[in-house]
file query.cif (mmCIF, C-alpha atoms)
data_protein
#
loop_
_atom_site.label_atom_id
_atom_site.label_comp_id
_atom_site.auth_asym_id
_atom_site.auth_seq_id
_atom_site.Cartn_x
_atom_site.Cartn_y
_atom_site.Cartn_z
CA MET O 13 60.79 24.03 84.50
CA PRO O 14 64.52 24.63 84.34
CA GLU O 15 66.00 21.53 82.80
CA SER O 16 69.41 20.60 84.07
CA GLU O 17 70.95 18.90 81.08
CA GLY O 18 74.40 17.51 81.55
CA GLY O 19 73.77 16.75 85.22
CA THR O 20 74.24 13.04 84.68
CA PRO O 21 75.55 12.59 81.15
CA LYS O 22 76.48 8.95 81.74
CA SER O 23 72.92 7.68 82.25
CA PRO O 24 71.66 5.86 79.14
CA ASP O 25 68.59 7.07 77.26
CA SER O 26 66.48 4.10 78.31
CA THR O 27 66.89 5.00 81.97
CA LEU O 28 65.87 8.55 81.15
CA ALA O 29 62.78 7.39 79.28
CA ARG O 30 61.82 5.10 82.13
CA MET O 31 62.31 7.87 84.66
CA GLY O 32 60.22 10.18 82.49
CA LYS O 33 57.39 7.63 82.47
CA ASP O 34 57.66 7.18 86.23
CA ILE O 35 57.41 10.93 86.73
CA GLU O 36 54.40 11.16 84.43
CA ALA O 37 52.70 8.33 86.28
CA ALA O 38 53.42 9.98 89.62
CA GLN O 39 52.12 13.30 88.36
CA ALA O 40 48.96 11.65 87.04
CA LYS O 41 48.41 10.21 90.51
CA LEU O 42 48.83 13.64 92.06
CA ALA O 43 46.56 15.32 89.50
CA PRO O 44 43.37 15.33 91.63
CA LYS O 45 45.30 17.36 94.19
CA ALA O 46 45.82 20.08 91.63
CA SER O 47 42.22 21.14 92.13
CA GLN O 48 43.31 22.50 95.52
CA GLU O 49 44.83 25.34 93.56
CA LYS O 50 41.33 26.59 92.83
CA ASP O 51 40.63 26.99 96.54
CA TYR O 52 43.16 29.68 97.21
CA SER O 53 42.57 31.34 93.88
CA GLY O 54 38.98 31.65 95.14
CA ILE O 55 40.24 33.55 98.18
CA ALA O 56 42.47 35.55 95.85
CA VAL O 57 39.45 36.61 93.78
CA GLY O 58 37.65 37.59 96.98
CA TYR O 59 40.55 39.77 98.11
CA ARG O 60 40.73 41.23 94.63
CA MET O 61 37.10 42.22 94.33
CA SER O 62 36.74 43.76 97.77
CA ALA O 63 39.62 46.16 97.19
CA GLU O 64 38.73 46.93 93.57
CA PHE O 65 35.22 48.14 94.37
CA VAL O 66 36.36 50.54 97.09
CA ALA O 67 39.32 51.77 95.04
CA ALA O 68 37.11 52.64 92.06
CA ILE O 69 34.79 54.75 94.22
CA ALA O 70 37.75 56.49 95.87
CA VAL O 71 39.41 57.28 92.54
CA GLY O 72 36.10 58.50 91.09
CA ALA O 73 35.59 60.82 94.05
CA VAL O 74 39.16 62.14 93.88
CA LEU O 75 38.93 62.76 90.11
CA GLY O 76 35.59 64.53 90.56
CA TYR O 77 36.99 66.64 93.35
CA GLY O 78 40.01 67.47 91.20
CA ILE O 79 37.74 68.67 88.40
CA ASP O 80 35.84 70.80 90.94
CA TRP O 81 39.09 72.31 92.11
CA LEU O 82 40.24 73.03 88.54
CA VAL O 83 37.07 74.58 87.10
CA HIS O 84 35.25 75.67 90.31
CA THR O 85 32.11 73.61 89.83
CA SER O 86 31.88 72.34 93.41
CA PRO O 87 30.08 70.17 94.36
CA PHE O 88 28.88 68.78 91.02
CA GLY O 89 32.21 67.21 90.04
CA LEU O 90 32.42 65.34 93.32
CA VAL O 91 28.83 64.09 93.04
CA LEU O 92 29.27 62.98 89.43
CA GLY O 93 32.70 61.51 90.23
CA LEU O 94 31.22 59.43 93.06
CA GLY O 95 28.48 58.20 90.75
CA PHE O 96 30.89 57.27 88.00
CA GLY O 97 33.23 55.74 90.55
CA PHE O 98 30.42 53.56 91.84
CA ALA O 99 29.58 52.51 88.28
CA ALA O 100 33.25 51.82 87.57
CA GLY O 101 33.42 49.71 90.73
CA ILE O 102 30.46 47.60 89.60
CA VAL O 103 31.94 47.24 86.10
CA THR O 104 35.28 46.08 87.54
CA LEU O 105 33.52 43.62 89.83
CA LEU O 106 31.47 42.19 86.98
CA ARG O 107 34.58 41.86 84.86
CA SER O 108 36.49 40.03 87.59
CA ALA O 109 33.47 37.79 88.16
CA ARG O 110 33.18 37.02 84.44
CA ARG O 111 36.86 36.12 84.23
CA TRP O 112 36.48 33.92 87.29
CA ASN O 113 33.43 32.19 85.77
CA GLU O 114 35.25 31.55 82.51
CA ARG O 115 38.23 30.10 84.31
CA THR O 116 36.24 27.83 86.63
CA ALA O 117 34.05 26.68 83.72
CA ALA O 118 37.17 25.84 81.72
CA ALA O 119 38.65 24.02 84.71
CA ALA O 120 35.42 22.05 85.24
CA ARG O 121 35.43 21.03 81.58
CA ALA O 122 39.06 19.95 81.88
CA ASP O 123 38.20 17.90 84.98
CA LYS O 124 35.42 16.02 83.20
CA GLU O 125 37.58 15.03 80.27
CA MET H 24 56.79 48.80 124.91
CA ALA H 25 55.88 45.23 124.01
CA SER H 26 52.19 45.81 124.67
CA ASP H 27 51.88 48.72 122.23
CA PRO H 28 50.51 47.03 119.08
CA LEU H 29 51.60 49.93 116.87
CA HIS H 30 55.19 49.88 118.05
CA GLN H 31 56.10 47.21 115.50
CA PHE H 32 55.44 49.65 112.65
CA HIS H 33 57.87 52.33 113.86
CA ILE H 34 60.76 52.82 111.49
CA GLN H 35 64.15 53.32 113.08
CA GLN H 36 67.08 54.88 111.28
CA LEU H 37 70.08 52.61 111.36
CA ARG H 38 72.47 54.73 109.26
CA PRO H 39 71.16 58.29 108.91
CA PHE H 40 72.27 60.13 105.79
CA SER H 41 70.67 62.33 103.17
CA ILE H 42 71.15 62.94 99.46
CA GLY H 43 70.71 66.61 98.57
CA GLY H 44 68.54 67.30 101.60
CA VAL H 45 66.35 64.27 100.96
CA ASP H 46 66.33 61.79 103.81
CA ALA H 47 67.72 58.54 102.41
CA SER H 48 68.67 56.85 105.67
CA PHE H 49 69.18 53.14 105.88
CA THR H 50 66.28 52.10 108.10
CA THR H 51 64.92 48.93 109.64
CA SER H 52 62.57 48.83 106.65
CA SER H 53 65.51 48.94 104.22
CA LEU H 54 67.31 46.30 106.25
CA PHE H 55 64.47 43.80 105.94
CA MET H 56 63.96 44.53 102.25
CA VAL H 57 67.65 43.92 101.63
CA GLY H 58 67.33 40.82 103.81
CA ALA H 59 64.48 39.52 101.66
CA VAL H 60 66.43 40.13 98.45
CA VAL H 61 69.52 38.41 99.86
CA LEU H 62 67.38 35.51 101.11
CA VAL H 63 65.70 34.95 97.74
CA ALA H 64 68.76 35.49 95.55
CA GLY H 65 71.08 33.60 97.89
CA GLY H 66 68.61 30.81 98.58
CA LEU H 67 67.86 30.19 94.90
CA SER H 68 71.54 30.37 93.89
CA TRP H 69 72.40 27.95 96.67
CA ALA H 70 69.59 25.57 95.70
CA MET H 71 70.65 25.64 92.03
CA ALA H 72 74.41 25.65 92.70
CA LYS H 73 74.85 22.02 91.61
CA PRO H 74 71.88 21.29 89.35
CA ALA H 75 71.31 17.58 88.89
CA LEU H 76 68.95 15.72 86.58
CA VAL H 77 67.35 14.17 89.64
CA PRO H 78 66.94 17.19 91.90
CA ASN H 79 67.65 17.12 95.60
CA ARG H 80 65.24 18.71 98.07
CA ALA H 81 66.47 22.29 97.68
CA GLN H 82 66.58 22.08 93.91
CA SER H 83 63.09 20.66 93.60
CA MET H 84 61.82 23.42 95.88
CA ALA H 85 63.43 26.03 93.65
CA GLU H 86 62.05 24.32 90.55
CA GLY H 87 58.60 24.06 92.07
CA PHE H 88 58.73 27.76 92.88
CA TYR H 89 59.75 28.54 89.31
CA GLY H 90 57.10 26.23 87.88
CA PHE H 91 54.38 27.73 90.04
CA ILE H 92 55.01 31.29 88.77
CA ASP H 93 55.59 30.03 85.24
CA GLY H 94 52.21 28.29 85.32
CA MET H 95 50.50 31.42 86.60
CA VAL H 96 52.05 33.64 83.90
CA GLU H 97 51.08 31.13 81.25
CA THR H 98 47.45 30.77 82.38
CA VAL H 99 46.86 34.52 82.65
CA ILE H 100 48.91 35.95 79.75
CA GLY H 101 49.73 32.90 77.65
CA LYS H 102 52.84 32.47 75.56
CA ALA H 103 53.16 36.24 75.10
CA GLY H 104 53.86 36.50 78.82
CA LYS H 105 57.23 34.74 78.68
CA PRO H 106 59.29 37.97 78.48
CA PHE H 107 57.59 39.21 81.65
CA PHE H 108 58.29 36.09 83.66
CA PRO H 109 61.40 37.57 85.38
CA LEU H 110 59.39 40.61 86.48
CA ILE H 111 56.52 38.55 87.90
CA PHE H 112 58.91 36.12 89.55
CA THR H 113 60.87 38.96 91.15
CA LEU H 114 57.73 40.69 92.39
CA PHE H 115 56.26 37.51 93.82
CA SER H 116 59.42 36.27 95.50
CA PHE H 117 60.25 39.71 96.93
CA ILE H 118 56.80 40.28 98.44
CA PHE H 119 56.57 36.68 99.62
CA ALA H 120 59.99 36.83 101.30
CA VAL H 121 59.27 40.21 102.91
CA ASN H 122 55.90 38.98 104.23
CA MET H 123 57.38 35.74 105.52
CA LEU H 124 60.31 37.48 107.22
CA GLY H 125 57.78 39.75 108.87
CA MET H 126 56.10 36.73 110.46
CA PHE H 127 59.08 36.28 112.83
CA PRO H 128 58.40 37.94 116.19
CA TYR H 129 60.29 41.24 116.63
CA PHE H 130 61.00 41.42 112.90
CA PHE H 131 59.97 44.38 110.80
CA THR H 132 57.51 44.08 107.88
CA PRO H 133 58.20 46.59 105.08
CA THR H 134 54.97 45.67 103.23
CA ALA H 135 53.03 46.99 106.25
CA GLN H 136 54.37 50.46 105.32
CA LEU H 137 52.04 51.98 102.75
CA ILE H 138 54.89 53.43 100.68
CA VAL H 139 56.39 50.04 99.80
CA PRO H 140 53.30 48.51 98.11
CA VAL H 141 52.49 51.91 96.56
CA VAL H 142 55.88 52.15 94.88
CA LEU H 143 55.60 48.56 93.64
CA ALA H 144 52.07 49.15 92.30
CA LEU H 145 53.02 52.44 90.64
CA ALA H 146 56.01 50.76 89.00
CA VAL H 147 53.69 48.11 87.58
CA PHE H 148 51.20 50.80 86.50
CA ALA H 149 53.91 52.82 84.74
CA GLY H 150 55.22 49.63 83.14
CA VAL H 151 51.74 48.76 81.86
CA LEU H 152 51.35 52.26 80.37
CA ILE H 153 54.75 52.10 78.67
CA ILE H 154 54.23 48.57 77.33
CA GLY H 155 50.69 49.41 76.21
CA PHE H 156 51.75 52.48 74.23
CA ALA H 157 54.87 50.78 72.89
CA LYS H 158 52.91 47.74 71.76
CA SER H 159 49.83 49.32 70.20
CA GLY H 160 50.58 53.06 70.08
CA PHE H 161 47.43 55.13 70.36
CA GLY H 162 45.46 51.93 69.87
CA PHE H 163 46.08 51.50 73.59
CA LEU H 164 43.52 54.26 74.15
CA LYS H 165 40.87 51.93 72.73
CA LEU H 166 40.83 50.57 76.27
CA PHE H 167 38.82 53.69 77.10
CA PHE H 168 36.73 53.67 73.90
CA PRO H 169 35.44 50.12 73.45
CA SER H 170 34.14 49.51 69.95
CA GLY H 171 30.63 48.42 68.97
CA ILE H 172 28.52 50.73 71.10
CA PRO H 173 26.30 53.67 70.01
CA TRP H 174 28.19 56.96 70.30
CA PRO H 175 26.13 58.67 73.06
CA LEU H 176 27.18 55.88 75.40
CA TYR H 177 30.80 57.08 75.23
CA PHE H 178 29.83 59.92 77.60
CA ILE H 179 29.16 57.27 80.23
CA ILE H 180 31.51 54.45 79.27
CA THR H 181 34.67 56.51 78.86
CA PRO H 182 34.67 58.09 82.36
CA ILE H 183 33.89 54.68 83.84
CA GLU H 184 36.74 53.04 81.94
CA ILE H 185 39.15 55.83 82.91
CA ILE H 186 38.20 55.58 86.58
CA SER H 187 38.47 51.81 86.58
CA PHE H 188 41.88 52.04 84.91
CA PHE H 189 43.24 54.61 87.35
CA SER H 190 41.86 52.78 90.36
CA ARG H 191 44.16 49.86 89.60
CA PRO H 192 47.33 51.08 91.32
CA LEU H 193 45.23 52.09 94.33
CA SER H 194 43.49 48.74 94.79
CA HIS H 195 46.70 46.93 93.85
CA SER H 196 48.71 48.57 96.64
CA ILE H 197 46.04 49.10 99.33
CA ARG H 198 45.10 45.42 99.29
CA LEU H 199 48.62 44.24 100.07
CA TRP H 200 49.29 46.95 102.64
CA ALA H 201 45.94 46.73 104.44
CA ASN H 202 46.01 42.96 104.78
CA ILE H 203 49.53 42.81 106.15
CA PHE H 204 49.09 45.86 108.39
CA ALA H 205 45.76 44.76 109.84
CA GLY H 206 46.94 41.18 110.26
CA HIS H 207 50.04 42.17 112.20
CA LEU H 208 48.04 44.65 114.29
CA VAL H 209 45.43 42.07 115.32
CA LEU H 210 48.09 39.44 115.94
CA LYS H 211 49.99 41.79 118.23
CA LEU H 212 46.80 42.84 120.04
CA PHE H 213 45.87 39.26 120.90
CA ALA H 214 49.44 38.41 121.80
CA GLY H 215 49.52 41.43 124.11
CA PHE H 216 46.40 40.28 126.01
CA THR H 217 48.10 37.11 127.20
CA PRO H 218 50.73 38.66 129.53
CA GLN H 219 48.24 41.31 130.66
CA LEU H 220 45.79 38.62 131.77
CA LEU H 221 48.58 36.58 133.38
CA ASP H 222 49.25 39.54 135.70
CA LEU H 223 45.73 39.23 137.10
CA GLY H 224 46.39 36.03 139.06
CA ALA H 225 44.72 32.61 138.96
CA LEU H 226 41.55 33.65 137.14
CA GLY H 227 43.61 35.61 134.63
CA PHE H 228 45.76 32.54 134.06
CA ILE H 229 42.72 30.61 132.84
CA GLY H 230 41.51 33.60 130.84
CA ALA H 231 44.92 34.00 129.21
CA ILE H 232 44.43 30.71 127.37
CA LEU H 233 41.85 32.29 125.06
CA PRO H 234 44.06 35.03 123.54
CA LEU H 235 46.94 32.56 123.36
CA VAL H 236 44.84 30.15 121.29
CA MET H 237 43.74 33.09 119.17
CA THR H 238 47.36 34.15 118.62
CA VAL H 239 48.29 30.68 117.41
CA ALA H 240 45.29 30.59 115.08
CA MET H 241 46.01 34.11 113.78
CA THR H 242 49.63 33.17 113.12
CA ALA H 243 48.48 30.32 110.90
CA LEU H 244 46.05 32.63 109.10
CA GLU H 245 48.72 35.30 108.66
CA LEU H 246 51.10 32.78 107.10
CA LEU H 247 48.37 32.04 104.55
CA VAL H 248 47.73 35.75 104.01
CA ALA H 249 51.47 36.41 103.56
CA PHE H 250 51.48 33.92 100.69
CA LEU H 251 48.09 34.91 99.28
CA GLN H 252 48.86 38.61 99.12
CA ALA H 253 52.09 37.97 97.25
CA TYR H 254 50.17 35.65 94.92
CA VAL H 255 47.36 38.17 94.35
CA PHE H 256 49.84 40.98 93.71
CA ALA H 257 51.74 38.91 91.14
CA MET H 258 48.55 37.59 89.52
CA LEU H 259 47.07 41.07 89.12
CA THR H 260 50.34 42.26 87.60
CA CYS H 261 49.83 39.48 85.04
CA VAL H 262 46.22 40.56 84.44
CA TYR H 263 47.22 44.20 83.89
CA LEU H 264 50.09 43.22 81.59
CA ASN H 265 47.68 41.03 79.66
CA ASP H 266 45.35 43.99 79.14
CA ALA H 267 48.27 46.12 77.96
CA LEU H 268 49.42 43.43 75.52
CA HIS H 269 45.96 42.89 74.04
CA ALA H 270 44.62 46.45 74.19
CA ASP H 271 44.07 46.88 70.44
CA HIS H 272 41.67 43.97 70.11
CA HIS H 273 39.54 44.82 73.06
#
call {"tool": "encode", "arguments": {"input": "query.cif", "output": "structure tokens"}}
result
Amino acid sequence: MPESEGGTPKSPDSTLARMGKDIEAAQAKLAPKASQEKDYSGIAVGYRMSAEFVAAIAVGAVLGYGIDWLVHTSPFGLVLGLGFGFAAGIVTLLRSARRWNERTAAAARADKE
Amino acid sequence: MASDPLHQFHIQQLRPFSIGGVDASFTTSSLFMVGAVVLVAGGLSWAMAKPALVPNRAQSMAEGFYGFIDGMVETVIGKAGKPFFPLIFTLFSFIFAVNMLGMFPYFFTPTAQLIVPVVLALAVFAGVLIIGFAKSGFGFLKLFFPSGIPWPLYFIITPIEIISFFSRPLSHSIRLWANIFAGHLVLKLFAGFTPQLLDLGALGFIGAILPLVMTVAMTALELLVAFLQAYVFAMLTCVYLNDALHADHH
């Protein structure tokens, strides 16, 4: 948060402290609403995974095709590339899912406390 | 003209000129990108022109915006992410402003042109490579050779890691482009049905209600998508930067 010191230099420290407490109290009241943040990060993870899987297969196929083109091994490069691309897609998905699990588990723990 | 759903994606040259034979005309796309930059820079400067301890509406909006991105950078990268905050903030606010400007009828949406997200994603990709090699030297390559596995597995793991690394700029850019492009296309299609059905007389008038309702609903969804795609793009930039910063202890 950008603090704007010097905005109201005349206000005494006690007022500041009181305002700080008021803000903290207000934020504490709003805290349950913060869990809404998880909702759209859920959609974000969905968007993320769907594109990542397809992209990995596409890149695998293109790399395989490139190797074919370079060393004239068609179609084995493309076939292998597709296979590795598929595997890479799964790996990326699992990684995203693991990160998501860790984050939601951490958030759930924080909620309980 | 208005009923062609693809018409909205046509780029028009506003000021044609070229640099050394390369077409560098100022187009509608450039205009709206400049518009977004002016909107963000101008809006934030205006909101923070007279910063007060107790913020007014504009200032608290600007601070909330700042705090939102700051929180995201901190959760994904941690304290090490502080130097990259300006980059993430710029990326998010630019994409968000461009997407939101594009939600106005008859406005142009640069992020629906594949080249715009691709350039942004490639810039991030190049940045990640540079930061990764600068930070950990050849240790950055450990990303492709994870430790603690028997050596024959490297024949399988390394190609998979390389493919998953190089698929990042593709998924990063396609996601943003495809969502905005498809959203605007569908929105325009449904919006186009309404006047077409109205031409059909009384029965068409009743039928026209359906695409109209759909257009309203799609507009709401597209506003969410405009925000979400900017958020996802910025968050993934954080994730990639985080990998680059922590490559050597992978």
call {"tool": "resolve_selection", "arguments": {"input": "query.cif", "expression": "the PyMOL selection byres ((chain H) within 6 of (chain O))", "output": "list in words"}}
result
Pro74, Ala75, Leu76, Gly90, Ile183, Ile186, Ser187, Ser190, Leu193, Ser194, Arg198 and Val255 of chain H
call {"tool": "residues_around", "arguments": {"input": "query.cif", "residues": "Lys211 (chain H)", "least_positions_apart": "6", "cutoff": "10 Å", "atoms": "only C-alpha atoms", "output": "VMD selection string"}}
result
chain H and resid 25 to 31 128 205 238 241
call {"tool": "atom_distance", "arguments": {"input": "query.cif", "atom1": "CA of Met123 (chain H)", "atom2": "CA of Ala59 (chain H)"}}
result
8.9 Å
call {"tool": "atom_distance", "arguments": {"input": "query.cif", "atom1": "CA of Trp200 (chain H)", "atom2": "CA of Thr51 (chain H)"}}
result
17.2 Å
call {"tool": "residues_around", "arguments": {"input": "query.cif", "residues": "Gly155 (chain H)", "least_positions_apart": "3", "cutoff": "10 Å", "atoms": "only C-alpha atoms", "output": "number ranges by chain"}}
result
H: 149-152, 158-164, 166, 263-271
call {"tool": "resolve_selection", "arguments": {"input": "query.cif", "expression": "the PyMOL selection byres ((chain H and resi 122) around 9)", "output": "JSON, numbers by chain"}}
result
{"H": [59, 117, 118, 119, 120, 121, 123, 124, 125, 126, 132, 133, 134, 135, 203, 246, 248, 249, 250, 252, 253]}
call {"tool": "write_last_selection", "arguments": {"input": "query.cif", "atoms": "C-alpha atoms", "output": "PDB file, keeping the file's coordinate frame"}}
result
ATOM      1  CA  ALA H  59      64.480  39.520 101.660  1.00  0.00           C
ATOM      2  CA  PHE H 117      60.250  39.710  96.930  1.00  0.00           C
ATOM      3  CA  ILE H 118      56.800  40.280  98.440  1.00  0.00           C
ATOM      4  CA  PHE H 119      56.570  36.680  99.620  1.00  0.00           C
ATOM      5  CA  ALA H 120      59.990  36.830 101.300  1.00  0.00           C
ATOM      6  CA  VAL H 121      59.270  40.210 102.910  1.00  0.00           C
ATOM      7  CA  MET H 123      57.380  35.740 105.520  1.00  0.00           C
ATOM      8  CA  LEU H 124      60.310  37.480 107.220  1.00  0.00           C
ATOM      9  CA  GLY H 125      57.780  39.750 108.870  1.00  0.00           C
ATOM     10  CA  MET H 126      56.100  36.730 110.460  1.00  0.00           C
ATOM     11  CA  THR H 132      57.510  44.080 107.880  1.00  0.00           C
ATOM     12  CA  PRO H 133      58.200  46.590 105.080  1.00  0.00           C
ATOM     13  CA  THR H 134      54.970  45.670 103.230  1.00  0.00           C
ATOM     14  CA  ALA H 135      53.030  46.990 106.250  1.00  0.00           C
ATOM     15  CA  ILE H 203      49.530  42.810 106.150  1.00  0.00           C
ATOM     16  CA  LEU H 246      51.100  32.780 107.100  1.00  0.00           C
ATOM     17  CA  VAL H 248      47.730  35.750 104.010  1.00  0.00           C
ATOM     18  CA  ALA H 249      51.470  36.410 103.560  1.00  0.00           C
ATOM     19  CA  PHE H 250      51.480  33.920 100.690  1.00  0.00           C
ATOM     20  CA  GLN H 252      48.860  38.610  99.120  1.00  0.00           C
ATOM     21  CA  ALA H 253      52.090  37.970  97.250  1.00  0.00           C
TER      22      ALA H 253
END
call {"tool": "resolve_selection", "arguments": {"input": "query.cif", "expression": "the PyMOL selection byres ((chain H and resi 36) around 9)", "output": "PyMOL selection string"}}
result
chain H and resi 34-35+37-39+48-52
call {"tool": "axis_aligned_box", "arguments": {"input": "query.cif", "around": "region 108-125 of chain O", "padding_each_side": "6 Å", "output": "JSON"}}
result
{"center_x": 36.1, "center_y": 27.5, "center_z": 84.2, "size_x": 17.9, "size_y": 37.0, "size_z": 19.9}
call {"tool": "atom_distance", "arguments": {"input": "query.cif", "atom1": "CA of Arg191 (chain H)", "atom2": "CA of Ala146 (chain H)"}}
result
11.9 Å
call {"tool": "closest_residue", "arguments": {"input": "query.cif", "among": "H:Pro169, H:Leu212, H:Gly44, H:Val57", "to": "Glu184 (chain H)", "atoms": "all atoms listed in the file"}}
result
H:Pro169
call {"tool": "decode", "arguments": {"input": "query.cif", "residues": "region 105-119 of chain O", "atoms": "N, CA, C and O atoms", "output": "tab-separated table (two decimals), in the first residue's frame"}}
result
chain	number	residue	atom	x	y	z
O	105	LEU	N	-0.19	-30.19	-16.21
O	105	LEU	CA	-1.50	-30.21	-15.53
O	105	LEU	C	-1.34	-30.63	-14.08
O	105	LEU	O	-1.88	-30.00	-13.17
O	106	LEU	N	-0.58	-31.73	-13.88
O	106	LEU	CA	-0.41	-32.23	-12.51
O	106	LEU	C	0.28	-31.19	-11.64
O	106	LEU	O	-0.07	-31.01	-10.47
O	107	ARG	N	1.26	-30.49	-12.25
O	107	ARG	CA	1.97	-29.48	-11.48
O	107	ARG	C	1.05	-28.34	-11.08
O	107	ARG	O	1.05	-27.90	-9.93
O	108	SER	N	0.25	-27.86	-12.04
O	108	SER	CA	-0.71	-26.79	-11.72
O	108	SER	C	-1.67	-27.26	-10.64
O	108	SER	O	-1.99	-26.52	-9.71
O	109	ALA	N	-2.13	-28.52	-10.76
O	109	ALA	CA	-3.09	-29.05	-9.80
O	109	ALA	C	-2.46	-29.13	-8.42
O	109	ALA	O	-3.09	-28.80	-7.42
O	110	ARG	N	-1.16	-29.54	-8.38
O	110	ARG	CA	-0.50	-29.68	-7.07
O	110	ARG	C	-0.37	-28.31	-6.42
O	110	ARG	O	-0.63	-28.14	-5.23
O	111	ARG	N	0.02	-27.31	-7.24
O	111	ARG	CA	0.17	-25.96	-6.70
O	111	ARG	C	-1.15	-25.45	-6.15
O	111	ARG	O	-1.23	-24.87	-5.09
O	112	TRP	N	-2.22	-25.73	-6.90
O	112	TRP	CA	-3.57	-25.32	-6.51
O	112	TRP	C	-3.96	-25.99	-5.20
O	112	TRP	O	-4.48	-25.36	-4.29
O	113	ASN	N	-3.67	-27.31	-5.08
O	113	ASN	CA	-3.98	-28.04	-3.86
O	113	ASN	C	-3.25	-27.44	-2.67
O	113	ASN	O	-3.84	-27.23	-1.61
O	114	GLU	N	-1.93	-27.18	-2.88
O	114	GLU	CA	-1.16	-26.62	-1.77
O	114	GLU	C	-1.74	-25.30	-1.31
O	114	GLU	O	-1.87	-25.03	-0.12
O	115	ARG	N	-2.11	-24.47	-2.31
O	115	ARG	CA	-2.60	-23.14	-1.96
O	115	ARG	C	-3.94	-23.21	-1.24
O	115	ARG	O	-4.18	-22.52	-0.26
O	116	THR	N	-4.86	-24.04	-1.75
O	116	THR	CA	-6.17	-24.13	-1.10
O	116	THR	C	-6.04	-24.76	0.28
O	116	THR	O	-6.75	-24.36	1.19
O	117	ALA	N	-5.12	-25.75	0.42
O	117	ALA	CA	-4.93	-26.37	1.73
O	117	ALA	C	-4.41	-25.33	2.72
O	117	ALA	O	-4.88	-25.24	3.86
O	118	ALA	N	-3.46	-24.51	2.26
O	118	ALA	CA	-2.90	-23.47	3.12
O	118	ALA	C	-3.98	-22.46	3.51
O	118	ALA	O	-4.09	-22.04	4.66
O	119	ALA	N	-4.83	-22.12	2.52
O	119	ALA	CA	-5.90	-21.16	2.79
O	119	ALA	C	-6.91	-21.73	3.78
O	119	ALA	O	-7.39	-21.03	4.67
